[in-house]
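Below: work20.pdb (PDB, C-alpha atoms and all ligand atoms)
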ATOM      1  CA  MET E   1      -2.173   0.472 -27.400  1.00  0.00           C
ATOM      2  CA  GLY E   2      -2.210  -2.830 -29.337  1.00  0.00           C
ATOM      3  CA  GLU E   3      -5.014  -5.419 -29.245  1.00  0.00           C
ATOM      4  CA  ARG E   4      -3.022  -7.687 -26.934  1.00  0.00           C
ATOM      5  CA  ALA E   5      -2.302  -4.831 -24.508  1.00  0.00           C
ATOM      6  CA  ASN E   6      -5.993  -3.851 -24.586  1.00  0.00           C
ATOM      7  CA  ARG E   7      -7.046  -7.396 -23.755  1.00  0.00           C
ATOM      8  CA  TYR E   8      -4.430  -7.488 -20.998  1.00  0.00           C
ATOM      9  CA  ALA E   9      -5.737  -4.226 -19.523  1.00  0.00           C
ATOM     10  CA  SER E  10      -9.358  -5.425 -19.567  1.00  0.00           C
ATOM     11  CA  LEU E  11      -8.341  -8.771 -18.003  1.00  0.00           C
ATOM     12  CA  HIS E  12      -6.473  -6.842 -15.299  1.00  0.00           C
ATOM     13  CA  ARG E  13      -9.547  -4.715 -14.599  1.00  0.00           C
ATOM     14  CA  LEU E  14     -11.807  -7.781 -14.491  1.00  0.00           C
ATOM     15  CA  ALA E  15      -9.435  -9.470 -11.996  1.00  0.00           C
ATOM     16  CA  GLU E  16      -9.410  -6.307  -9.840  1.00  0.00           C
ATOM     17  CA  THR E  17     -13.221  -6.006  -9.897  1.00  0.00           C
ATOM     18  CA  ILE E  18     -13.668  -9.667  -8.892  1.00  0.00           C
ATOM     19  CA  ALA E  19     -11.025  -9.230  -6.145  1.00  0.00           C
ATOM     20  CA  ILE E  20     -12.884  -6.206  -4.684  1.00  0.00           C
ATOM     21  CA  CYS E  21     -16.195  -8.145  -4.644  1.00  0.00           C
ATOM     22  CA  LEU E  22     -14.493 -11.145  -2.997  1.00  0.00           C
ATOM     23  CA  PHE E  23     -12.809  -8.795  -0.528  1.00  0.00           C
ATOM     24  CA  VAL E  24     -16.199  -7.401   0.574  1.00  0.00           C
ATOM     25  CA  VAL E  25     -17.736 -10.884   0.982  1.00  0.00           C
ATOM     26  CA  LEU E  26     -14.764 -12.280   2.952  1.00  0.00           C
ATOM     27  CA  SER E  27     -14.621  -9.116   5.136  1.00  0.00           C
ATOM     28  CA  ILE E  28     -18.269  -9.536   6.121  1.00  0.00           C
ATOM     29  CA  GLY E  29     -17.476 -13.178   6.968  1.00  0.00           C
ATOM     30  CA  CYS E  30     -14.492 -12.103   9.129  1.00  0.00           C
ATOM     31  CA  ALA E  31     -16.485  -9.419  10.976  1.00  0.00           C
ATOM     32  CA  TRP E  32     -19.336 -11.886  11.591  1.00  0.00           C
ATOM     33  CA  ARG E  33     -16.944 -14.510  12.958  1.00  0.00           C
ATOM     34  CA  LEU E  34     -15.003 -12.084  15.177  1.00  0.00           C
ATOM     35  CA  ALA E  35     -18.002 -10.199  16.648  1.00  0.00           C
ATOM     36  CA  GLY E  36     -17.975 -10.698  20.418  1.00  0.00           C
ATOM     37  CA  ALA E  37     -14.963 -13.063  20.338  1.00  0.00           C
ATOM     38  CA  ALA E  38     -12.742 -10.623  22.326  1.00  0.00           C
ATOM     39  CA  PRO E  39     -13.227  -7.418  24.376  1.00  0.00           C
ATOM     40  CA  ALA E  40     -13.502  -4.147  22.446  1.00  0.00           C
ATOM     41  CA  TRP E  41     -10.165  -2.888  23.807  1.00  0.00           C
ATOM     42  CA  ALA E  42      -8.383  -5.970  22.369  1.00  0.00           C
ATOM     43  CA  PHE E  43      -9.873  -5.259  18.936  1.00  0.00           C
ATOM     44  CA  ALA E  44      -8.888  -1.567  19.261  1.00  0.00           C
ATOM     45  CA  PHE E  45      -5.304  -2.592  20.052  1.00  0.00           C
ATOM     46  CA  ALA E  46      -5.282  -5.052  17.105  1.00  0.00           C
ATOM     47  CA  ALA E  47      -6.574  -2.281  14.796  1.00  0.00           C
ATOM     48  CA  LEU E  48      -3.890   0.180  15.934  1.00  0.00           C
ATOM     49  CA  ALA E  49      -1.105  -2.422  15.558  1.00  0.00           C
ATOM     50  CA  ALA E  50      -2.437  -3.384  12.106  1.00  0.00           C
ATOM     51  CA  TRP E  51      -2.565   0.274  10.966  1.00  0.00           C
ATOM     52  CA  LEU E  52       1.082   0.680  12.045  1.00  0.00           C
ATOM     53  CA  ALA E  53       2.052  -2.573  10.266  1.00  0.00           C
ATOM     54  CA  THR E  54       0.112  -1.459   7.163  1.00  0.00           C
ATOM     55  CA  ASP E  55       2.280   1.659   6.947  1.00  0.00           C
ATOM     56  CA  PHE E  56       5.455  -0.428   7.225  1.00  0.00           C
ATOM     57  CA  PHE E  57       4.342  -2.897   4.518  1.00  0.00           C
ATOM     58  CA  SER E  58       3.160  -0.063   2.237  1.00  0.00           C
ATOM     59  CA  GLY E  59       6.716   1.313   2.416  1.00  0.00           C
ATOM     60  CA  LEU E  60       8.304  -2.085   1.805  1.00  0.00           C
ATOM     61  CA  VAL E  61       6.148  -2.771  -1.270  1.00  0.00           C
ATOM     62  CA  HIS E  62       6.682   0.773  -2.597  1.00  0.00           C
ATOM     63  CA  TRP E  63      10.466   0.584  -2.059  1.00  0.00           C
ATOM     64  CA  ALA E  64      10.648  -2.775  -3.886  1.00  0.00           C
ATOM     65  CA  GLY E  65       8.608  -1.398  -6.821  1.00  0.00           C
ATOM     66  CA  ASP E  66      10.748   1.754  -7.056  1.00  0.00           C
ATOM     67  CA  THR E  67      14.100   0.013  -6.678  1.00  0.00           C
ATOM     68  CA  TRP E  68      14.155  -3.382  -8.442  1.00  0.00           C
ATOM     69  CA  GLY E  69      13.209  -4.601 -11.914  1.00  0.00           C
ATOM     70  CA  ASN E  70      11.402  -2.624 -14.610  1.00  0.00           C
ATOM     71  CA  GLY E  71       8.137  -2.549 -16.573  1.00  0.00           C
ATOM     72  CA  GLU E  72       9.233  -5.605 -18.589  1.00  0.00           C
ATOM     73  CA  THR E  73      10.011  -7.811 -15.572  1.00  0.00           C
ATOM     74  CA  PRO E  74       8.068 -11.104 -16.002  1.00  0.00           C
ATOM     75  CA  TYR E  75       4.766 -11.443 -14.040  1.00  0.00           C
ATOM     76  CA  VAL E  76       5.093  -8.253 -11.948  1.00  0.00           C
ATOM     77  CA  GLY E  77       6.473  -5.650 -14.411  1.00  0.00           C
ATOM     78  CA  ALA E  78       3.268  -4.380 -16.017  1.00  0.00           C
ATOM     79  CA  TRP E  79       0.898  -4.740 -13.049  1.00  0.00           C
ATOM     80  CA  TYR E  80       3.149  -3.871 -10.153  1.00  0.00           C
ATOM     81  CA  ILE E  81       6.409  -2.098 -11.089  1.00  0.00           C
ATOM     82  CA  ARG E  82       5.295   0.168 -13.951  1.00  0.00           C
ATOM     83  CA  PRO E  83       2.617   2.078 -11.951  1.00  0.00           C
ATOM     84  CA  PHE E  84       5.241   3.040  -9.325  1.00  0.00           C
ATOM     85  CA  ARG E  85       7.601   4.406 -11.992  1.00  0.00           C
ATOM     86  CA  GLU E  86       4.834   6.258 -13.847  1.00  0.00           C
ATOM     87  CA  HIS E  87       3.700   7.785 -10.550  1.00  0.00           C
ATOM     88  CA  HIS E  88       7.049   9.591 -10.194  1.00  0.00           C
ATOM     89  CA  ASP E  89       6.687  11.112 -13.671  1.00  0.00           C
ATOM     90  CA  ASP E  90       3.064  12.177 -13.145  1.00  0.00           C
ATOM     91  CA  PRO E  91       2.131  12.129  -9.420  1.00  0.00           C
ATOM     92  CA  ARG E  92      -1.303  13.669  -9.997  1.00  0.00           C
ATOM     93  CA  ALA E  93      -2.429  11.013 -12.517  1.00  0.00           C
ATOM     94  CA  MET E  94      -3.588   8.706  -9.708  1.00  0.00           C
ATOM     95  CA  THR E  95      -6.068  11.341  -8.492  1.00  0.00           C
ATOM     96  CA  LYS E  96      -8.037  10.668 -11.723  1.00  0.00           C
ATOM     97  CA  HIS E  97      -8.198   6.898 -11.083  1.00  0.00           C
ATOM     98  CA  ASP E  98     -11.608   5.460 -10.210  1.00  0.00           C
ATOM     99  CA  PHE E  99     -12.340   3.168  -7.242  1.00  0.00           C
ATOM    100  CA  VAL E 100     -11.351  -0.074  -9.014  1.00  0.00           C
ATOM    101  CA  GLU E 101      -8.062   1.287 -10.366  1.00  0.00           C
ATOM    102  CA  THR E 102      -7.150   2.806  -6.979  1.00  0.00           C
ATOM    103  CA  ASN E 103      -8.008  -0.185  -4.809  1.00  0.00           C
ATOM    104  CA  GLY E 104      -7.978  -3.272  -7.076  1.00  0.00           C
ATOM    105  CA  SER E 105      -4.338  -4.293  -6.570  1.00  0.00           C
ATOM    106  CA  SER E 106      -4.649  -3.775  -2.798  1.00  0.00           C
ATOM    107  CA  ALA E 107      -7.748  -5.993  -2.755  1.00  0.00           C
ATOM    108  CA  ILE E 108      -5.846  -8.764  -4.593  1.00  0.00           C
ATOM    109  CA  ALA E 109      -2.989  -8.506  -2.071  1.00  0.00           C
ATOM    110  CA  GLY E 110      -5.406  -8.561   0.885  1.00  0.00           C
ATOM    111  CA  LEU E 111      -7.353 -11.695  -0.130  1.00  0.00           C
ATOM    112  CA  PRO E 112      -4.834 -14.237   1.293  1.00  0.00           C
ATOM    113  CA  LEU E 113      -4.870 -12.352   4.627  1.00  0.00           C
ATOM    114  CA  LEU E 114      -8.663 -12.544   4.782  1.00  0.00           C
ATOM    115  CA  VAL E 115      -8.603 -16.278   3.975  1.00  0.00           C
ATOM    116  CA  VAL E 116      -6.124 -16.884   6.828  1.00  0.00           C
ATOM    117  CA  ALA E 117      -8.195 -14.667   9.192  1.00  0.00           C
ATOM    118  CA  LEU E 118     -11.284 -16.707   8.293  1.00  0.00           C
ATOM    119  CA  ALA E 119      -9.510 -20.037   8.848  1.00  0.00           C
ATOM    120  CA  ALA E 120      -7.644 -19.028  12.049  1.00  0.00           C
ATOM    121  CA  PRO E 121      -9.004 -20.152  15.435  1.00  0.00           C
ATOM    122  CA  VAL E 122     -10.956 -17.500  17.374  1.00  0.00           C
ATOM    123  CA  ASP E 123     -11.423 -19.430  20.620  1.00  0.00           C
ATOM    124  CA  GLY E 124     -10.391 -17.036  23.365  1.00  0.00           C
ATOM    125  CA  PRO E 125      -9.425 -13.326  23.252  1.00  0.00           C
ATOM    126  CA  LEU E 126      -5.784 -13.928  22.207  1.00  0.00           C
ATOM    127  CA  HIS E 127      -6.630 -16.027  19.147  1.00  0.00           C
ATOM    128  CA  ALA E 128      -9.490 -13.686  18.243  1.00  0.00           C
ATOM    129  CA  SER E 129      -7.176 -10.652  18.496  1.00  0.00           C
ATOM    130  CA  MET E 130      -4.594 -12.325  16.238  1.00  0.00           C
ATOM    131  CA  ALA E 131      -7.269 -13.116  13.626  1.00  0.00           C
ATOM    132  CA  ALA E 132      -8.554  -9.528  14.014  1.00  0.00           C
ATOM    133  CA  PHE E 133      -5.019  -8.215  13.390  1.00  0.00           C
ATOM    134  CA  LEU E 134      -4.925 -10.033  10.021  1.00  0.00           C
ATOM    135  CA  PHE E 135      -8.419  -8.776   9.185  1.00  0.00           C
ATOM    136  CA  PHE E 136      -7.468  -5.166  10.008  1.00  0.00           C
ATOM    137  CA  LEU E 137      -4.164  -5.554   8.120  1.00  0.00           C
ATOM    138  CA  ALA E 138      -6.140  -6.512   4.994  1.00  0.00           C
ATOM    139  CA  LEU E 139      -8.495  -3.537   5.517  1.00  0.00           C
ATOM    140  CA  GLY E 140      -5.509  -1.223   6.112  1.00  0.00           C
ATOM    141  CA  GLY E 141      -3.829  -2.478   2.940  1.00  0.00           C
ATOM    142  CA  LEU E 142      -7.016  -1.780   1.021  1.00  0.00           C
ATOM    143  CA  VAL E 143      -7.126   1.879   2.098  1.00  0.00           C
ATOM    144  CA  ALA E 144      -3.349   2.570   1.973  1.00  0.00           C
ATOM    145  CA  ASN E 145      -3.393   3.503  -1.717  1.00  0.00           C
ATOM    146  CA  GLN E 146      -6.527   5.583  -1.154  1.00  0.00           C
ATOM    147  CA  CYS E 147      -4.609   7.522   1.548  1.00  0.00           C
ATOM    148  CA  HIS E 148      -1.768   7.953  -0.965  1.00  0.00           C
ATOM    149  CA  LYS E 149      -4.247   9.275  -3.543  1.00  0.00           C
ATOM    150  CA  TRP E 150      -5.745  11.737  -1.014  1.00  0.00           C
ATOM    151  CA  ALA E 151      -2.228  13.019  -0.245  1.00  0.00           C
ATOM    152  CA  HIS E 152      -1.931  14.084  -3.909  1.00  0.00           C
ATOM    153  CA  MET E 153      -5.345  15.769  -4.105  1.00  0.00           C
ATOM    154  CA  LYS E 154      -5.803  19.529  -3.985  1.00  0.00           C
ATOM    155  CA  ASP E 155      -7.946  21.100  -1.234  1.00  0.00           C
ATOM    156  CA  ALA E 156     -10.888  21.559  -3.586  1.00  0.00           C
ATOM    157  CA  GLU E 157     -10.833  17.841  -4.565  1.00  0.00           C
ATOM    158  CA  CYS E 158     -10.406  16.377  -1.092  1.00  0.00           C
ATOM    159  CA  PRO E 159     -13.299  15.819   1.376  1.00  0.00           C
ATOM    160  CA  PRO E 160     -12.903  18.102   4.474  1.00  0.00           C
ATOM    161  CA  LEU E 161     -13.036  15.074   6.824  1.00  0.00           C
ATOM    162  CA  VAL E 162     -10.046  13.576   5.000  1.00  0.00           C
ATOM    163  CA  ARG E 163      -8.072  16.827   5.387  1.00  0.00           C
ATOM    164  CA  LEU E 164      -8.915  16.728   9.110  1.00  0.00           C
ATOM    165  CA  ALA E 165      -7.626  13.133   9.403  1.00  0.00           C
ATOM    166  CA  GLN E 166      -4.451  14.168   7.532  1.00  0.00           C
ATOM    167  CA  ARG E 167      -3.879  17.094   9.904  1.00  0.00           C
ATOM    168  CA  ALA E 168      -4.398  14.745  12.880  1.00  0.00           C
ATOM    169  CA  ARG E 169      -1.813  12.424  11.226  1.00  0.00           C
ATOM    170  CA  LEU E 170      -4.240   9.500  11.311  1.00  0.00           C
ATOM    171  CA  ILE E 171      -3.642   9.117   7.571  1.00  0.00           C
ATOM    172  CA  LEU E 172      -0.750  10.217   5.318  1.00  0.00           C
ATOM    173  CA  PRO E 173      -0.326  14.032   5.382  1.00  0.00           C
ATOM    174  CA  PRO E 174       0.533  15.563   1.964  1.00  0.00           C
ATOM    175  CA  GLU E 175       3.601  17.400   3.344  1.00  0.00           C
ATOM    176  CA  THR E 176       5.054  14.100   4.657  1.00  0.00           C
ATOM    177  CA  HIS E 177       4.560  12.353   1.308  1.00  0.00           C
ATOM    178  CA  ARG E 178       6.046  15.299  -0.606  1.00  0.00           C
ATOM    179  CA  ARG E 179       9.439  14.274   0.758  1.00  0.00           C
ATOM    180  CA  HIS E 180       9.249  11.039  -1.272  1.00  0.00           C
ATOM    181  CA  HIS E 181       8.582  12.996  -4.453  1.00  0.00           C
ATOM    182  CA  ALA E 182      11.906  14.848  -4.241  1.00  0.00           C
ATOM    183  CA  ARG E 183      14.382  13.237  -6.670  1.00  0.00           C
ATOM    184  CA  PRO E 184      15.773  10.595  -6.600  1.00  0.00           C
ATOM    185  CA  HIS E 185      12.632   9.313  -4.783  1.00  0.00           C
ATOM    186  CA  ASP E 186      14.661   7.203  -2.355  1.00  0.00           C
ATOM    187  CA  SER E 187      13.096   7.993   1.053  1.00  0.00           C
ATOM    188  CA  TYR E 188       9.706   8.270   2.836  1.00  0.00           C
ATOM    189  CA  TYR E 189       8.190   5.318   0.946  1.00  0.00           C
ATOM    190  CA  CYS E 190       5.337   4.625   3.445  1.00  0.00           C
ATOM    191  CA  THR E 191       1.897   5.771   2.273  1.00  0.00           C
ATOM    192  CA  ALA E 192      -0.784   4.657   4.770  1.00  0.00           C
ATOM    193  CA  ASN E 193      -0.258   7.081   7.666  1.00  0.00           C
ATOM    194  CA  GLY E 194       3.486   7.894   7.414  1.00  0.00           C
ATOM    195  CA  TRP E 195       4.175   6.891  11.043  1.00  0.00           C
ATOM    196  CA  THR E 196       7.051   4.555  10.128  1.00  0.00           C
ATOM    197  CA  ASN E 197       8.783   6.822   7.574  1.00  0.00           C
ATOM    198  CA  LEU E 198      11.114   8.591   9.976  1.00  0.00           C
ATOM    199  CA  PRO E 199      12.025   5.517  12.101  1.00  0.00           C
ATOM    200  CA  LEU E 200      12.827   3.518   8.925  1.00  0.00           C
ATOM    201  CA  GLU E 201      15.018   6.342   7.594  1.00  0.00           C
ATOM    202  CA  ARG E 202      16.800   6.599  10.955  1.00  0.00           C
ATOM    203  CA  VAL E 203      17.620   2.867  11.089  1.00  0.00           C
ATOM    204  CA  GLY E 204      18.542   2.871   7.375  1.00  0.00           C
ATOM    205  CA  LEU E 205      16.395  -0.190   6.591  1.00  0.00           C
ATOM    206  CA  PHE E 206      16.103   0.405   2.848  1.00  0.00           C
ATOM    207  CA  ARG E 207      19.765   1.325   2.203  1.00  0.00           C
ATOM    208  CA  GLY E 208      20.874  -1.589   4.384  1.00  0.00           C
ATOM    209  CA  THR E 209      18.609  -4.050   2.548  1.00  0.00           C
ATOM    210  CA  GLU E 210      19.865  -2.728  -0.807  1.00  0.00           C
ATOM    211  CA  ARG E 211      23.453  -3.369   0.284  1.00  0.00           C
ATOM    212  CA  VAL E 212      22.599  -6.949   1.338  1.00  0.00           C
ATOM    213  CA  ILE E 213      20.690  -7.664  -1.916  1.00  0.00           C
ATOM    214  CA  GLY E 214      23.500  -6.069  -3.954  1.00  0.00           C
ATOM    215  CA  TRP E 215      26.053  -8.226  -2.185  1.00  0.00           C
ATOM    216  CA  LEU E 216      24.011 -11.456  -2.491  1.00  0.00           C
ATOM    217  CA  GLY E 217      22.680 -10.974  -6.022  1.00  0.00           C
ATOM    218  CA  GLN E 218      25.252  -8.654  -7.578  1.00  0.00           C
ATOM    219  CA  ALA E 219      22.345  -6.295  -8.342  1.00  0.00           C
ATOM    220  CA  GLU E 220      22.425  -2.489  -8.444  1.00  0.00           C
ATOM    221  CA  PRO E 221      19.431  -0.647  -6.924  1.00  0.00           C
ATOM    222  CA  ARG E 222      17.744   1.582  -9.499  1.00  0.00           C
ATOM    223  CA  ARG E 223      17.467   5.320  -8.855  1.00  0.00           C
ATOM    224  CA  ASP E 224      15.631   8.058 -10.682  1.00  0.00           C
ATOM    225  CA  PRO E 225      18.103  10.610 -12.124  1.00  0.00           C
TER
HETATM  226 ZN    ZN X   1       7.989   6.052  -5.323  1.00  0.00          ZN
HETATM  227 ZN    ZN X   2       2.944   9.739  -4.373  1.00  0.00          ZN
END
Translate this file's structure into structure tokens.
Amino acid sequence: MGERANRYASLHRLAETIAICLFVVLSIGCAWRLAGAAPAWAFAFAALAAWLATDFFSGLVHWAGDTWGNGETPYVGAWYIRPFREHHDDPRAMTKHDFVETNGSSAIAGLPLLVVALAAPVDGPLHASMAAFLFFLALGGLVANQCHKWAHMKDAECPPLVRLAQRARLILPPETHRRHHARPHDSYYCTANGWTNLPLERVGLFRGTERVIGWLGQAEPRRDP
């Protein structure tokens, strides 16, 4: 790795570390602001809806990274697209990543959601539930890649409680995610809990969107051989 690439990597890590710290501070602010602003059942419903939405967005982001551009694409190639492509070649590499490498990008993506949740009105249960949805969506986004990492871990590496949550399908089960790792890696993109994988395949969202983008932009979706 050259000096410039080294500097780039350390800048990336610094940005991810700062984002995780900011994420923690803003999350405490959100929880403080929302406490008691709506009944517990409304927050439970917001959390469930956010966990479902997290799975959908995890699939959308993953599909975009797998399908469009390459590692040289300006702005997003090195940070965003390349890790998706490298993951197909070496799925177990991510199980060696530390906390910052696993969760840094998700923390960066979640910061705008936390800012909006902090600025949104919380007067009344409806407004508070909507702000809570954004807060839980940011939290869900933060753990989605961790759930993906757990799905690639062997039994001996994975905490028993995590295996239990996988079996209960509260988080992504390894056998569900294995379907994405069959070449050409063009299905089952969702990595938080896997709930939306089958419905999205049934409605053909990704193939349909590829056809629309291909028609509008004269672009060919990329596929692994
Ligand atoms: Zn993929
Ligand atoms: Zn994977």
Report as a list in words all protein, DNA and RNA residues lying within 9 Å of range 203-210 of chain E, evaluated on only C-alpha atoms, omitting residues in the same chain fewer than 6 positions from it. Leu60, Trp63, Thr67, Asp186, Ser187, Ala219, Glu220 and Pro221 of chain E
Expand the PyMOL selection byres (((chain E and resi 58) around 8) and not hetatm) into the explicit residue set it covers here, and present it as a JSON list (two decimals) with C-alpha atoms, keeping the file's coordinate frame.
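The resulting file, part.json, is shown below:
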[["chain", "number", "residue", "atom", "x", "y", "z"],
["E", 54, "THR", "CA", 0.11, -1.46, 7.16],
["E", 55, "ASP", "CA", 2.28, 1.66, 6.95],
["E", 56, "PHE", "CA", 5.46, -0.43, 7.22],
["E", 57, "PHE", "CA", 4.34, -2.90, 4.52],
["E", 59, "GLY", "CA", 6.72, 1.31, 2.42],
["E", 60, "LEU", "CA", 8.30, -2.08, 1.80],
["E", 61, "VAL", "CA", 6.15, -2.77, -1.27],
["E", 62, "HIS", "CA", 6.68, 0.77, -2.60],
["E", 141, "GLY", "CA", -3.83, -2.48, 2.94],
["E", 144, "ALA", "CA", -3.35, 2.57, 1.97],
["E", 189, "TYR", "CA", 8.19, 5.32, 0.95],
["E", 190, "CYS", "CA", 5.34, 4.62, 3.44],
["E", 191, "THR", "CA", 1.90, 5.77, 2.27],
["E", 192, "ALA", "CA", -0.78, 4.66, 4.77]]
Cut-off 12 Å: closest chain E/ligand ZN 2 (chain X) atom pairs per residue, using only C-alpha atoms and all ligand atoms, as a tab-separated table:
residue	atom	partner	partner_atom	distance
E:Ser58	CA	X:ZN2	ZN	11.8
E:Gly59	CA	X:ZN2	ZN	11.5
E:His62	CA	X:ZN2	ZN	9.9
E:Asp66	CA	X:ZN2	ZN	11.5
E:Pro83	CA	X:ZN2	ZN	10.8
E:Phe84	CA	X:ZN2	ZN	8.6
E:Arg85	CA	X:ZN2	ZN	10.4
E:Glu86	CA	X:ZN2	ZN	10.3
E:His87	CA	X:ZN2	ZN	6.5
E:His88	CA	X:ZN2	ZN	7.1
E:Asp89	CA	X:ZN2	ZN	10.1
E:Asp90	CA	X:ZN2	ZN	9.1
E:Pro91	CA	X:ZN2	ZN	5.6
E:Arg92	CA	X:ZN2	ZN	8.1
E:Ala93	CA	X:ZN2	ZN	9.8
E:Met94	CA	X:ZN2	ZN	8.5
E:Thr95	CA	X:ZN2	ZN	10.0
E:Ala144	CA	X:ZN2	ZN	11.5
E:Asn145	CA	X:ZN2	ZN	9.3
E:Gln146	CA	X:ZN2	ZN	10.8
E:Cys147	CA	X:ZN2	ZN	9.8
E:His148	CA	X:ZN2	ZN	6.1
E:Lys149	CA	X:ZN2	ZN	7.3
E:Trp150	CA	X:ZN2	ZN	9.5
E:Ala151	CA	X:ZN2	ZN	7.4
E:His152	CA	X:ZN2	ZN	6.5
E:Met153	CA	X:ZN2	ZN	10.3
E:Leu172	CA	X:ZN2	ZN	10.4
E:Pro173	CA	X:ZN2	ZN	11.1
E:Pro174	CA	X:ZN2	ZN	8.9
E:Glu175	CA	X:ZN2	ZN	10.9
E:Thr176	CA	X:ZN2	ZN	10.2
E:His177	CA	X:ZN2	ZN	6.5
E:Arg178	CA	X:ZN2	ZN	7.4
E:Arg179	CA	X:ZN2	ZN	9.4
E:His180	CA	X:ZN2	ZN	7.1
E:His181	CA	X:ZN2	ZN	6.5
E:Ala182	CA	X:ZN2	ZN	10.3
E:His185	CA	X:ZN2	ZN	9.7
E:Ser187	CA	X:ZN2	ZN	11.6
E:Tyr188	CA	X:ZN2	ZN	10.0
E:Tyr189	CA	X:ZN2	ZN	8.7
E:Cys190	CA	X:ZN2	ZN	9.6
E:Thr191	CA	X:ZN2	ZN	7.8
E:Ala192	CA	X:ZN2	ZN	11.1
E:Gly194	CA	X:ZN2	ZN	11.9
Keeping only C-alpha atoms, write the selected residues to a file as a JSON list (two decimals), in the frame of the given file.
[["chain", "number", "residue", "atom", "x", "y", "z"],
["E", 58, "SER", "CA", 3.16, -0.06, 2.24],
["E", 59, "GLY", "CA", 6.72, 1.31, 2.42],
["E", 62, "HIS", "CA", 6.68, 0.77, -2.60],
["E", 66, "ASP", "CA", 10.75, 1.75, -7.06],
["E", 83, "PRO", "CA", 2.62, 2.08, -11.95],
["E", 84, "PHE", "CA", 5.24, 3.04, -9.32],
["E", 85, "ARG", "CA", 7.60, 4.41, -11.99],
["E", 86, "GLU", "CA", 4.83, 6.26, -13.85],
["E", 87, "HIS", "CA", 3.70, 7.78, -10.55],
["E", 88, "HIS", "CA", 7.05, 9.59, -10.19],
["E", 89, "ASP", "CA", 6.69, 11.11, -13.67],
["E", 90, "ASP", "CA", 3.06, 12.18, -13.14],
["E", 91, "PRO", "CA", 2.13, 12.13, -9.42],
["E", 92, "ARG", "CA", -1.30, 13.67, -10.00],
["E", 93, "ALA", "CA", -2.43, 11.01, -12.52],
["E", 94, "MET", "CA", -3.59, 8.71, -9.71],
["E", 95, "THR", "CA", -6.07, 11.34, -8.49],
["E", 144, "ALA", "CA", -3.35, 2.57, 1.97],
["E", 145, "ASN", "CA", -3.39, 3.50, -1.72],
["E", 146, "GLN", "CA", -6.53, 5.58, -1.15],
["E", 147, "CYS", "CA", -4.61, 7.52, 1.55],
["E", 148, "HIS", "CA", -1.77, 7.95, -0.96],
["E", 149, "LYS", "CA", -4.25, 9.28, -3.54],
["E", 150, "TRP", "CA", -5.74, 11.74, -1.01],
["E", 151, "ALA", "CA", -2.23, 13.02, -0.24],
["E", 152, "HIS", "CA", -1.93, 14.08, -3.91],
["E", 153, "MET", "CA", -5.34, 15.77, -4.11],
["E", 172, "LEU", "CA", -0.75, 10.22, 5.32],
["E", 173, "PRO", "CA", -0.33, 14.03, 5.38],
["E", 174, "PRO", "CA", 0.53, 15.56, 1.96],
["E", 175, "GLU", "CA", 3.60, 17.40, 3.34],
["E", 176, "THR", "CA", 5.05, 14.10, 4.66],
["E", 177, "HIS", "CA", 4.56, 12.35, 1.31],
["E", 178, "ARG", "CA", 6.05, 15.30, -0.61],
["E", 179, "ARG", "CA", 9.44, 14.27, 0.76],
["E", 180, "HIS", "CA", 9.25, 11.04, -1.27],
["E", 181, "HIS", "CA", 8.58, 13.00, -4.45],
["E", 182, "ALA", "CA", 11.91, 14.85, -4.24],
["E", 185, "HIS", "CA", 12.63, 9.31, -4.78],
["E", 187, "SER", "CA", 13.10, 7.99, 1.05],
["E", 188, "TYR", "CA", 9.71, 8.27, 2.84],
["E", 189, "TYR", "CA", 8.19, 5.32, 0.95],
["E", 190, "CYS", "CA", 5.34, 4.62, 3.44],
["E", 191, "THR", "CA", 1.90, 5.77, 2.27],
["E", 192, "ALA", "CA", -0.78, 4.66, 4.77],
["E", 194, "GLY", "CA", 3.49, 7.89, 7.41]]
Which residue is closest to Ala53 in chain E? Choose from E:Pro160, E:Pro184, E:Arg167, E:Ala138 and count all atoms listed in the file.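 Using all atoms listed in the file, the shortest distance to Ala53 in chain E belongs to E:Ala138.
Distance check against ligand ZN 1 (chain X) using all atoms listed in the file: of E:His97, E:Arg211, E:His127, E:Arg183, the minimum falls on E:Arg183.
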Point-to-point distance from CA of Pro121 in chain E to CA of Ile18 in chain E, Å rounded to tenths: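 Spanning CA of Pro121 in chain E to CA of Ile18 in chain E is a straight-line distance of 26.9 Å.
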Quick one: distance from CA of Ala78 in chain E to CA of Ser105 in chain E in Å, one decimal?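 Interatomic distance here is 12.1 Å.
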Got a sec: who's within 9 Å of Ser27 in chain E, counting all atoms listed in the file, leaving out chain neighbours fewer than 4 positions off, as a list of chain:residue names?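 After dropping sequence-adjacent residues, the list is E:Leu22, E:Phe23, E:Ala31, E:Trp32, E:Leu114, E:Leu118, E:Phe135, E:Ala138, E:Leu139.
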I need the residues from that last selection saved to file as an mmCIF file, in the frame of the given file (with C-alpha atoms), if you can.
data_model
loop_
_atom_site.group_PDB
_atom_site.id
_atom_site.type_symbol
_atom_site.label_atom_id
_atom_site.label_comp_id
_atom_site.auth_asym_id
_atom_site.auth_seq_id
_atom_site.Cartn_x
_atom_site.Cartn_y
_atom_site.Cartn_z
ATOM 1 C CA LEU E 22 -14.493 -11.145 -2.997
ATOM 2 C CA PHE E 23 -12.809 -8.795 -0.528
ATOM 3 C CA ALA E 31 -16.485 -9.419 10.976
ATOM 4 C CA TRP E 32 -19.336 -11.886 11.591
ATOM 5 C CA LEU E 114 -8.663 -12.544 4.782
ATOM 6 C CA LEU E 118 -11.284 -16.707 8.293
ATOM 7 C CA PHE E 135 -8.419 -8.776 9.185
ATOM 8 C CA ALA E 138 -6.140 -6.512 4.994
ATOM 9 C CA LEU E 139 -8.495 -3.537 5.517
#
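Atom pair CA of Phe45 in chain E / CA of Gly104 in chain E: separated by 27.3 Å.
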For range 211-218 of chain E, what centre and edge lengths in Å (one decimal) does the axis-aligned box get once 5 Å is added on each side of all its listed atoms, as JSON?
{"center_x": 23.4, "center_y": -7.4, "center_z": -3.1, "size_x": 15.4, "size_y": 18.1, "size_z": 18.9}
